[in-house]
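*Asks:* Pasting data05.cif here (mmCIF, C-alpha atoms):
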data_coords
#
loop_
_atom_site.label_atom_id
_atom_site.label_comp_id
_atom_site.auth_asym_id
_atom_site.auth_seq_id
_atom_site.Cartn_x
_atom_site.Cartn_y
_atom_site.Cartn_z
CA MET S 1 92.66 85.54 101.76
CA THR S 2 92.11 86.71 105.33
CA PRO S 3 93.01 90.34 106.04
CA PRO S 4 96.42 90.97 107.63
CA THR S 5 96.69 91.14 111.43
CA HIS S 6 100.03 92.99 111.70
CA HIS S 7 99.80 96.62 110.59
CA PRO S 8 102.03 99.68 110.12
CA SER S 9 101.89 102.43 112.74
CA ASP S 10 99.72 105.49 112.11
CA GLU S 11 102.92 107.55 111.74
CA THR S 12 104.07 105.28 108.91
CA LEU S 13 100.67 105.48 107.17
CA LEU S 14 100.80 109.26 107.52
CA ASP S 15 104.38 109.35 106.19
CA PHE S 16 103.20 107.43 103.12
CA ALA S 17 100.22 109.76 102.57
CA ARG S 18 102.36 112.90 102.86
CA GLY S 19 104.97 111.48 100.49
CA ALA S 20 107.76 111.30 103.08
CA LEU S 21 108.44 107.58 103.03
CA SER S 22 111.65 106.50 101.29
CA PRO S 23 111.30 104.62 97.95
CA GLY S 24 111.91 101.10 99.27
CA ARG S 25 109.75 101.54 102.34
CA SER S 26 106.94 102.99 100.18
CA LEU S 27 107.06 99.85 98.10
CA VAL S 28 106.83 97.60 101.16
CA LEU S 29 103.95 99.65 102.52
CA ARG S 30 102.12 99.47 99.17
CA ALA S 31 102.41 95.70 99.22
CA HIS S 32 100.64 95.76 102.60
CA LEU S 33 97.99 98.25 101.41
CA GLY S 34 97.14 95.99 98.49
CA ALA S 35 96.17 93.33 101.02
CA CYS S 36 94.73 95.51 103.80
CA PRO S 37 91.39 97.36 103.36
CA ALA S 38 91.65 98.95 106.83
CA CYS S 39 95.06 100.57 106.26
CA SER S 40 94.04 101.59 102.72
CA ALA S 41 91.09 103.42 104.27
CA SER S 42 93.41 105.18 106.73
CA VAL S 43 95.71 106.25 103.88
CA ARG S 44 92.73 107.59 101.89
CA LEU S 45 91.67 109.51 104.97
CA ALA S 46 95.14 111.02 105.39
CA GLU S 47 95.20 111.87 101.67
CA ALA S 48 91.84 113.63 102.07
CA VAL S 49 93.50 115.69 104.82
CA GLY S 50 96.29 116.49 102.34
CA GLY S 51 93.66 117.57 99.79
CA ALA S 52 91.88 119.81 102.29
CA LEU S 53 95.20 121.39 103.33
CA LEU S 54 96.12 121.91 99.65
CA SER S 55 92.82 123.77 99.10
CA GLU S 56 93.55 126.02 102.06
CA LEU S 57 96.98 127.10 100.82
CA ALA S 58 97.41 130.67 99.67
CA PRO S 59 97.78 130.55 95.87
CA ALA S 60 101.24 131.32 94.44
CA ASP S 61 101.56 133.36 91.24
CA MET S 62 101.96 131.14 88.21
CA ALA S 63 104.13 132.18 85.28
CA PRO S 64 101.95 134.44 83.06
CA ASP S 65 101.92 131.96 80.17
CA ALA S 66 101.48 128.83 82.34
CA LEU S 67 97.91 128.07 81.22
CA ASP S 68 98.78 128.64 77.54
CA GLN S 69 101.77 126.34 77.89
CA ALA S 70 99.65 123.69 79.54
CA LEU S 71 96.97 123.96 76.83
CA ALA S 72 99.67 123.65 74.16
CA ARG S 73 101.01 120.53 75.84
CA ILE S 74 97.56 118.97 75.83
CA GLU S 75 97.98 118.76 72.06
CA ARG S 76 101.06 116.60 72.46
CA PRO S 77 100.15 113.62 74.59
CA PRO S 78 103.13 111.59 75.83
CA ALA S 79 103.89 108.28 74.21
CA PRO S 80 102.04 105.49 75.97
CA VAL S 81 104.21 103.38 78.25
CA ALA S 82 104.05 99.68 77.55
CA ALA S 83 102.85 97.68 80.52
CA PRO S 84 105.48 95.25 81.73
CA GLY S 85 104.59 91.72 80.70
CA VAL S 86 104.97 89.98 84.04
CA ARG S 87 102.19 87.75 85.24
CA PRO S 88 101.09 87.95 88.88
CA ARG S 89 101.95 84.94 91.01
CA ASP S 90 99.01 82.81 92.07
CA ASN S 91 100.09 82.27 95.66
CA TRP S 92 101.48 85.78 96.32
CA ILE S 93 99.56 88.83 97.48
CA ARG S 94 99.19 91.45 94.74
CA VAL S 95 102.42 93.42 94.32
CA PRO S 96 103.70 96.12 91.94
CA ALA S 97 104.97 94.72 88.62
CA ASP S 98 108.60 95.62 89.26
CA VAL S 99 108.69 93.46 92.35
CA LEU S 100 107.65 90.51 90.18
CA THR S 101 110.25 91.45 87.57
CA ALA S 102 112.96 91.48 90.24
CA ALA S 103 111.86 88.06 91.49
CA ALA S 104 112.00 86.67 87.97
CA ARG S 105 115.25 88.27 86.76
CA ARG S 106 117.51 89.10 89.69
CA LYS S 107 117.09 86.12 91.96
CA ARG S 108 120.35 84.89 93.51
CA TRP S 109 120.72 81.88 95.76
CA ALA S 110 122.42 82.87 99.02
CA ALA S 111 122.40 79.47 100.70
CA PRO S 112 120.48 76.24 100.27
CA GLY S 113 116.80 77.22 100.46
CA VAL S 114 117.52 80.96 100.69
CA TRP S 115 117.44 83.50 97.87
CA VAL S 116 117.67 87.27 97.54
CA ALA S 117 116.52 89.56 94.70
CA PRO S 118 117.29 93.32 94.86
CA VAL S 119 114.39 95.59 93.92
CA THR S 120 115.29 99.26 94.53
CA ARG S 121 118.33 101.18 95.60
CA ASP S 122 118.50 104.81 96.67
CA ARG S 123 122.01 106.00 95.90
CA ARG S 124 121.78 109.01 98.18
CA THR S 125 120.71 107.29 101.38
CA GLY S 126 121.86 103.75 100.63
CA GLU S 127 118.36 102.44 101.28
CA ARG S 128 117.66 99.16 99.54
CA SER S 129 114.63 97.03 99.08
CA TYR S 130 114.86 93.36 98.25
CA LEU S 131 112.94 90.14 98.18
CA LEU S 132 114.06 87.45 100.58
CA GLY S 133 112.87 83.90 99.95
CA VAL S 134 113.45 81.40 102.76
CA GLY S 135 112.57 77.71 102.50
CA ARG S 136 110.16 75.93 104.84
CA GLY S 137 111.34 75.41 108.39
CA ILE S 138 114.51 77.49 107.96
CA ALA S 139 115.39 80.13 110.60
CA VAL S 140 117.21 83.38 109.81
CA PRO S 141 120.24 83.70 112.14
CA ARG S 142 119.68 85.88 115.20
CA HIS S 143 120.14 89.52 114.28
CA THR S 144 119.17 93.09 115.07
CA HIS S 145 118.82 96.19 112.84
CA ARG S 146 120.22 99.63 112.25
CA GLY S 147 117.40 102.07 111.68
CA VAL S 148 113.89 100.90 110.88
CA GLU S 149 113.47 97.88 108.64
CA MET S 150 110.06 97.37 107.05
CA VAL S 151 108.86 93.92 106.04
CA CYS S 152 105.76 92.63 104.25
CA VAL S 153 105.04 88.94 103.79
CA LEU S 154 104.14 88.16 100.17
CA THR S 155 103.64 84.43 100.48
CA GLY S 156 104.14 81.75 103.14
CA ALA S 157 104.51 82.50 106.83
CA TYR S 158 107.14 82.93 109.54
CA ASP S 159 107.16 82.78 113.28
CA ASP S 160 108.76 85.66 115.19
CA ARG S 161 109.02 85.25 118.95
CA GLY S 162 105.87 83.14 119.08
CA ASP S 163 103.91 85.43 116.75
CA GLN S 164 102.99 84.20 113.26
CA HIS S 165 103.17 86.52 110.26
CA HIS S 166 101.06 85.64 107.22
CA PRO S 167 100.72 87.09 103.69
CA GLY S 168 100.03 90.84 103.82
CA ASP S 169 101.34 91.18 107.38
CA PHE S 170 103.63 94.16 107.97
CA ALA S 171 106.45 94.57 110.46
CA GLU S 172 108.63 97.51 111.48
CA ASN S 173 111.81 96.29 113.19
CA ASP S 174 114.37 98.62 114.73
CA GLU S 175 117.49 98.30 116.85
CA ALA S 176 115.32 97.37 119.84
CA VAL S 177 114.28 94.19 118.03
CA GLU S 178 116.64 91.26 118.20
CA HIS S 179 115.11 88.16 116.71
CA ARG S 180 115.46 84.90 114.88
CA PRO S 181 112.40 84.56 112.64
CA ARG S 182 111.70 81.02 111.46
CA VAL S 183 109.68 80.08 108.38
CA THR S 184 106.79 77.75 109.20
CA ARG S 185 106.60 74.15 108.01
CA ASP S 186 103.92 74.98 105.42
CA GLY S 187 106.25 76.10 102.64
CA GLU S 188 108.63 78.78 101.35
CA CYS S 189 108.14 82.30 102.70
CA VAL S 190 108.90 85.33 100.51
CA CYS S 191 109.10 88.79 102.10
CA LEU S 192 109.60 92.24 100.61
CA ILE S 193 112.03 94.11 102.87
CA ALA S 194 113.40 97.67 102.94
CA ALA S 195 116.24 98.87 105.13
CA ASP S 196 119.09 101.37 105.13
CA ASN S 197 121.54 98.71 106.19
CA ALA S 198 121.74 95.01 105.73
CA LEU S 199 121.07 92.80 108.71
CA VAL S 200 123.34 93.15 111.71
CA ALA S 201 124.34 89.71 112.84
CA ARG S 202 124.41 88.73 116.50
CA ASP S 203 125.56 85.14 116.16
CA LEU S 204 127.27 85.00 112.87
CA ILE S 205 126.78 81.50 111.61
CA GLY S 206 127.18 83.32 108.40
CA TRP S 207 125.14 81.57 105.78
CA ILE S 208 123.03 84.57 105.04
CA MET S 209 124.98 87.60 106.22
CA GLN S 210 127.55 87.92 103.48
CA PRO S 211 125.15 87.54 100.58
CA LEU S 212 122.82 90.12 102.13
CA VAL S 213 125.60 92.64 102.51
CA ARG S 214 126.31 92.25 98.80
CA ILE S 215 122.75 92.90 97.61
CA MET N 1 84.66 119.97 86.27
CA ILE N 2 86.85 116.90 86.10
CA GLU N 3 83.85 115.00 84.77
CA ALA N 4 83.40 117.63 82.02
CA ILE N 5 87.04 117.19 81.05
CA ALA N 6 86.63 113.42 80.93
CA ALA N 7 83.35 113.48 79.00
CA ARG N 8 83.96 116.23 76.46
CA GLY N 9 87.59 117.32 76.69
CA ASP N 10 86.14 120.60 77.96
CA ARG N 11 88.94 123.21 77.78
CA GLY N 12 86.91 125.84 79.59
CA ALA N 13 86.52 123.49 82.53
CA PHE N 14 90.25 122.73 82.36
CA ALA N 15 91.11 126.46 82.42
CA ALA N 16 88.88 126.98 85.47
CA LEU N 17 90.38 123.99 87.26
CA PHE N 18 93.88 125.19 86.35
CA GLY N 19 93.11 128.69 87.64
CA HIS N 20 92.03 127.30 90.99
CA PHE N 21 94.45 124.46 91.60
CA ALA N 22 97.70 125.23 89.74
CA PRO N 23 98.58 128.22 92.01
CA ARG N 24 97.87 126.10 95.10
CA VAL N 25 99.89 123.16 93.83
CA LYS N 26 102.72 125.60 93.11
CA SER N 27 102.40 126.92 96.65
CA TYR N 28 102.60 123.32 97.94
CA MET N 29 105.74 122.64 95.89
CA LEU N 30 107.38 125.87 97.10
CA ARG N 31 106.70 124.93 100.71
CA LEU N 32 108.36 121.58 100.11
CA GLY N 33 111.49 123.30 98.89
CA ALA N 34 111.12 123.39 95.08
CA ASP N 35 112.56 126.48 93.40
CA PRO N 36 109.96 128.69 91.66
CA ARG N 37 110.68 127.31 88.18
CA LEU N 38 110.39 123.69 89.24
CA ALA N 39 107.28 124.52 91.32
CA ASP N 40 105.67 126.10 88.24
CA GLU N 41 106.63 123.12 86.10
CA LEU N 42 105.30 120.58 88.63
CA ALA N 43 102.05 122.53 89.02
CA GLN N 44 101.60 122.44 85.22
CA GLU N 45 102.45 118.73 85.14
CA THR N 46 99.92 118.05 87.88
CA LEU N 47 97.10 119.75 85.99
CA LEU N 48 98.14 118.05 82.74
CA ALA N 49 97.94 114.72 84.52
CA VAL N 50 94.44 115.70 85.65
CA TRP N 51 93.53 116.26 81.99
CA ARG N 52 95.00 112.95 80.87
CA LYS N 53 93.67 110.87 83.72
CA ALA N 54 90.30 112.61 84.06
CA ALA N 55 88.45 109.48 82.97
CA ALA N 56 90.04 107.57 85.86
CA PHE N 57 88.76 110.07 88.45
CA ASP N 58 86.07 108.48 90.56
CA PRO N 59 84.06 111.10 92.47
CA ALA N 60 82.66 108.33 94.67
CA LYS N 61 86.19 107.52 95.83
CA ALA N 62 87.79 110.90 96.50
CA ALA N 63 87.17 114.64 96.49
CA PRO N 64 88.85 116.49 93.58
CA SER N 65 91.28 118.16 96.01
CA THR N 66 92.27 114.75 97.41
CA TRP N 67 92.87 113.33 93.95
CA ILE N 68 94.87 116.37 92.82
CA PHE N 69 96.88 116.26 96.05
CA THR N 70 97.89 112.63 95.40
CA ILE N 71 98.90 113.45 91.80
CA ALA N 72 100.97 116.44 92.95
CA ARG N 73 102.57 114.40 95.72
CA ASN N 74 103.50 111.58 93.34
CA LEU N 75 104.97 113.96 90.75
CA ARG N 76 107.04 115.59 93.49
CA ILE N 77 108.31 112.17 94.59
CA ASP N 78 109.15 111.27 90.97
CA ALA N 79 111.07 114.52 90.47
CA ALA N 80 113.01 113.97 93.71
CA ARG N 81 113.85 110.38 92.77
CA ARG N 82 115.08 111.40 89.34
CA ALA N 83 117.30 114.00 90.98
CA ARG N 84 118.58 111.39 93.45
CA ARG N 85 119.01 108.62 90.90
CA VAL N 86 116.85 106.07 92.63
CA GLU N 87 116.72 102.97 90.51
CA PRO N 88 113.12 102.94 89.39
CA ALA N 89 110.95 100.26 90.85
CA ASP N 90 107.54 101.27 89.64
CA ASP N 91 105.18 104.12 89.03
CA PRO N 92 103.97 105.41 92.40
CA SER N 93 100.87 106.84 90.76
CA ASP N 94 99.40 103.40 90.11
CA ALA N 95 99.17 102.80 93.85
CA ALA N 96 98.01 99.33 94.76
CA ASP N 97 94.89 100.52 96.52
CA ALA N 98 92.42 97.91 97.56
CA GLU N 99 89.12 98.54 95.81
CA PRO N 100 86.81 100.22 98.34
CA ALA N 101 83.62 98.35 99.10
CA PRO N 102 80.51 100.24 97.92
CA ASP N 103 79.48 101.01 101.50
CA GLU N 104 82.89 102.57 102.17
CA ALA N 105 82.80 104.83 99.13
CA LEU N 106 83.38 108.51 99.66
CA VAL N 107 80.51 110.89 99.12
CA ALA N 108 82.70 113.51 97.56
CA ALA N 109 80.31 116.43 97.44
CA GLN N 110 80.48 116.97 101.18
CA SER N 111 83.68 115.18 101.97
CA GLU N 112 86.13 118.07 101.70
CA THR N 113 83.97 120.31 103.87
CA ARG N 114 83.73 117.57 106.46
CA VAL N 115 87.50 117.00 106.40
CA ARG N 116 88.06 120.71 106.98
CA GLN N 117 85.60 120.77 109.84
CA ALA N 118 87.28 117.74 111.37
CA LEU N 119 90.70 119.40 111.06
CA ALA N 120 89.31 122.57 112.64
CA SER N 121 87.99 120.52 115.56
CA LEU N 122 91.43 119.10 116.42
CA PRO N 123 93.28 120.58 119.40
CA LEU N 124 95.57 123.28 118.04
CA GLU N 125 98.80 121.47 118.87
CA GLN N 126 97.61 118.37 116.96
CA ALA N 127 96.45 120.39 113.95
CA GLU N 128 99.84 122.12 113.91
CA VAL N 129 101.89 118.93 113.62
CA VAL N 130 99.51 117.48 111.00
CA ARG N 131 99.78 120.64 108.89
CA LEU N 132 103.56 120.86 109.29
CA SER N 133 104.05 117.23 108.36
CA PHE N 134 102.04 117.57 105.13
CA PHE N 135 104.02 120.60 104.05
CA SER N 136 107.34 118.93 104.70
CA ASP N 137 108.99 115.73 103.63
CA LYS N 138 111.27 115.75 106.64
CA PRO N 139 111.23 112.91 109.15
CA HIS N 140 109.26 113.45 112.33
CA SER N 141 112.51 113.82 114.26
CA GLU N 142 113.36 116.99 112.29
CA ILE N 143 109.85 118.36 112.63
CA ALA N 144 110.16 117.78 116.39
CA ALA N 145 113.48 119.62 116.46
CA GLU N 146 111.96 122.60 114.61
CA LEU N 147 109.12 122.75 117.11
CA ARG N 148 111.56 122.20 120.02
CA LEU N 149 109.48 119.26 121.15
CA PRO N 150 110.49 115.72 122.08
CA LEU N 151 110.00 113.26 119.21
CA GLY N 152 107.60 111.20 121.35
CA THR N 153 105.34 114.24 121.77
CA VAL N 154 105.15 114.84 118.01
CA LYS N 155 104.41 111.18 117.36
CA SER N 156 101.72 110.99 120.02
CA ARG N 157 100.07 114.15 118.69
CA LEU N 158 100.01 112.65 115.18
CA ARG N 159 98.59 109.39 116.50
CA LEU N 160 95.90 111.19 118.51
CA ALA N 161 95.02 113.32 115.47
CA MET N 162 94.72 110.26 113.23
CA ARG N 163 92.55 108.50 115.79
CA ARG N 164 90.23 111.49 116.09
CA LEU N 165 90.03 111.94 112.30
CA ARG N 166 89.22 108.28 111.93
CA ASP N 167 86.43 108.62 114.51
CA LEU N 168 85.01 111.67 112.79
CA LEU N 169 85.53 110.66 109.16
CA GLY N 170 85.83 106.89 109.19
CA ASP N 171 82.67 106.60 107.12
CA LEU N 172 84.30 108.68 104.35
CA ALA N 173 87.23 106.40 103.69
#
Kindly present the structure from the file in structure tokens form.
*Replies:*
Amino acid sequence: MTPPTHHPSDETLLDFARGALSPGRSLVLRAHLGACPACSASVRLAEAVGGALLSELAPADMAPDALDQALARIERPPAPVAAPGVRPRDNWIRVPADVLTAAARRKRWAAPGVWVAPVTRDRRTGERSYLLGVGRGIAVPRHTHRGVEMVCVLTGAYDDRGDQHHPGDFAENDEAVEHRPRVTRDGECVCLIAADNALVARDLIGWIMQPLVRI
Amino acid sequence: MIEAIAARGDRGAFAALFGHFAPRVKSYMLRLGADPRLADELAQETLLAVWRKAAAFDPAKAAPSTWIFTIARNLRIDAARRARRVEPADDPSDAADAEPAPDEALVAAQSETRVRQALASLPLEQAEVVRLSFFSDKPHSEIAAELRLPLGTVKSRLRLAMRRLRDLLGDLA
């Protein structure tokens, strides 16, 4: 598979490395990292900065018995966690297992050729991540966004204002972006998407808006 | 030391590693707003994870401080998500890293020193926003407000810092 050509901003990579990206957006970014050696290298670099800064911190006093407690806990290893038995999909980029589980178990048809599967939900902020599958040649109604939406293509391709997005490609869309992405003729396109709010419709033809609001 | 833990379950090595890193991880957690008890607990958890995962540590891929930083960061994220009741999606510690090509592999022995030198070579205002952002989980807009700077200035400083670090250290990652 060719490396992605649409990448996250440096600020987003840094947010991921410092642990400040919200849960859904982290997941979307990780899907991109799995397909992008260049951004993975940037994240490792930022993490090395985190490591160097950690080493420079003035030590805080630990509880007096902290080491003894830790040594005692070494004796009691935690029960091993069973790996989820979901097989990767041949024509998808590599994604975390729970994304595959969501695709297999929570898929709901929103309209002919269009399905949605919720993946994560942050109850405090309302952020959600979800899979959106759109059949070949279908266009998503014109819309804009509230806050920053992050998108990673898992399989297939779509055209956004004359620019094609392929598997592994990453997009950050905010309120300045008003668009009508259309899936290419080659086949179904599945994207992993995270946003605080569902799509904001501009011309509400309506086939997709209501189901998305109900994710 | 991590190799000694992996190879022999060396408790002496673990105690030395704990003595060095646990107080710094605690300091990191305190800066990010954990109360002292939680910070202590997360520092212990971090070092326990080092013990359990020692065999997975690859010195060609990351310096010990980098690896321990990522474990501490992920445990902090987990604790925050539990507190916020985020429906679990996955374990952030099994990050879907692409396997580095052999010619990209980190030479860990010198890497941390080089990262520090690179940080020290940044213009002060860039180093400041990098440091602040790592010791905070706030969005850049809040960091900008604390520094009384426009958001665009904070973002451009971070971008310039990343570009310079990539120029200086690109061969490491």
*Asks:* Please indicate the distance in Å from CA of Thr46 (chain N) to CA of Arg8 (chain N), rounded to one decimal place.
*Replies:*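 Result for CA of Thr46 (chain N) versus CA of Arg8 (chain N): 19.7 Å, one decimal.
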*Asks:* Under the PyMOL selection byres ((chain S and resi 174) around 9), which residues of this model are included? Write them out as a list of chain:residue names.
*Replies:*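 Here the PyMOL selection byres ((chain S and resi 174) around 9) matches S:Thr144, S:His145, S:Arg146, S:Gly147, S:Val148, S:Glu149, S:Met150, S:Glu172, S:Asn173, S:Glu175, S:Ala176, S:Val177, S:Glu178.
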*Asks:* Between CA of Glu112 (chain N) and CA of Val43 (chain S), what is the distance in Å, rounded to a tenth?
*Replies:*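 Distance reported for this atom pair: 15.4 Å.
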*Asks:* Considering all atoms listed in the file, can you say which of S:Arg30, S:His143, S:Arg106, S:His179 comes closest to chain N?
*Replies:* S:Arg30
*Asks:* When you draw a straight line from CA of Arg73 (chain S) to CA of His20 (chain N), how long is it in Å?
*Replies:* 18.9 Å
*Asks:* Using all atoms listed in the file, select each residue of chain S with any atom at most 8 Å away from an atom of chain N, and give the selection as a ChimeraX atom specification.
*Replies:* /S:10-11,18-20,23,30-31,33-37,40-42,44-55,57-63,66-67,70,73-74,94-99,119-124
*Asks:* Fewer than 4 positions away in the same chain doesn't count, so skip those; otherwise give me all residues within 7 Å of Val116 (chain S), counting all atoms listed in the file, as a PyMOL selection string.
*Replies:* chain S and resi 107-110+130-133
*Asks:* Write out as lines of an AutoDock Vina configuration file an axis-aligned box for region 125-128 of chain S: all of its atoms listed in the file, 4 Å added on each side, centre and edge lengths in Å with one decimal.
*Replies:*
center_x = 119.8
center_y = 103.2
center_z = 100.5
size_x = 12.2
size_y = 16.1
size_z = 9.8
*Asks:* Taking (106.1, 77.5, 103.5) in the file's own coordinates, collect the residues within 8 Å, counting only C-alpha atoms, and hand them back as an MDAnalysis selection string.
*Replies:* chainID S and resid 135:137 155:157 183:189
*Asks:* Here is a test: counting only C-alpha atoms, which residue of N:Arg82, N:Leu42, N:Phe57, N:Leu32 is nearest to Met1 (chain N)?
*Replies:* N:Phe57
*Asks:* Mind checking which residues fall within 9 Å of Phe170 (chain S), counting only C-alpha atoms, ignoring those fewer than 2 positions away in the same chain, and posting them as a list in words?
*Replies:*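 The residues that qualify are Pro4, Thr5, His6, His7, Pro8, Val28, Leu29, Ala31, His32, Met150, Val151, Cys152, Val153, His165, His166, Pro167, Gly168 and Glu172 of chain S.
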*Asks:* When distances are computed from all atoms listed in the file, which of S:Thr125, S:Gln69, S:Val114, S:Ala103 shows the smallest separation from Ile138 (chain S)?
*Replies:* S:Val114
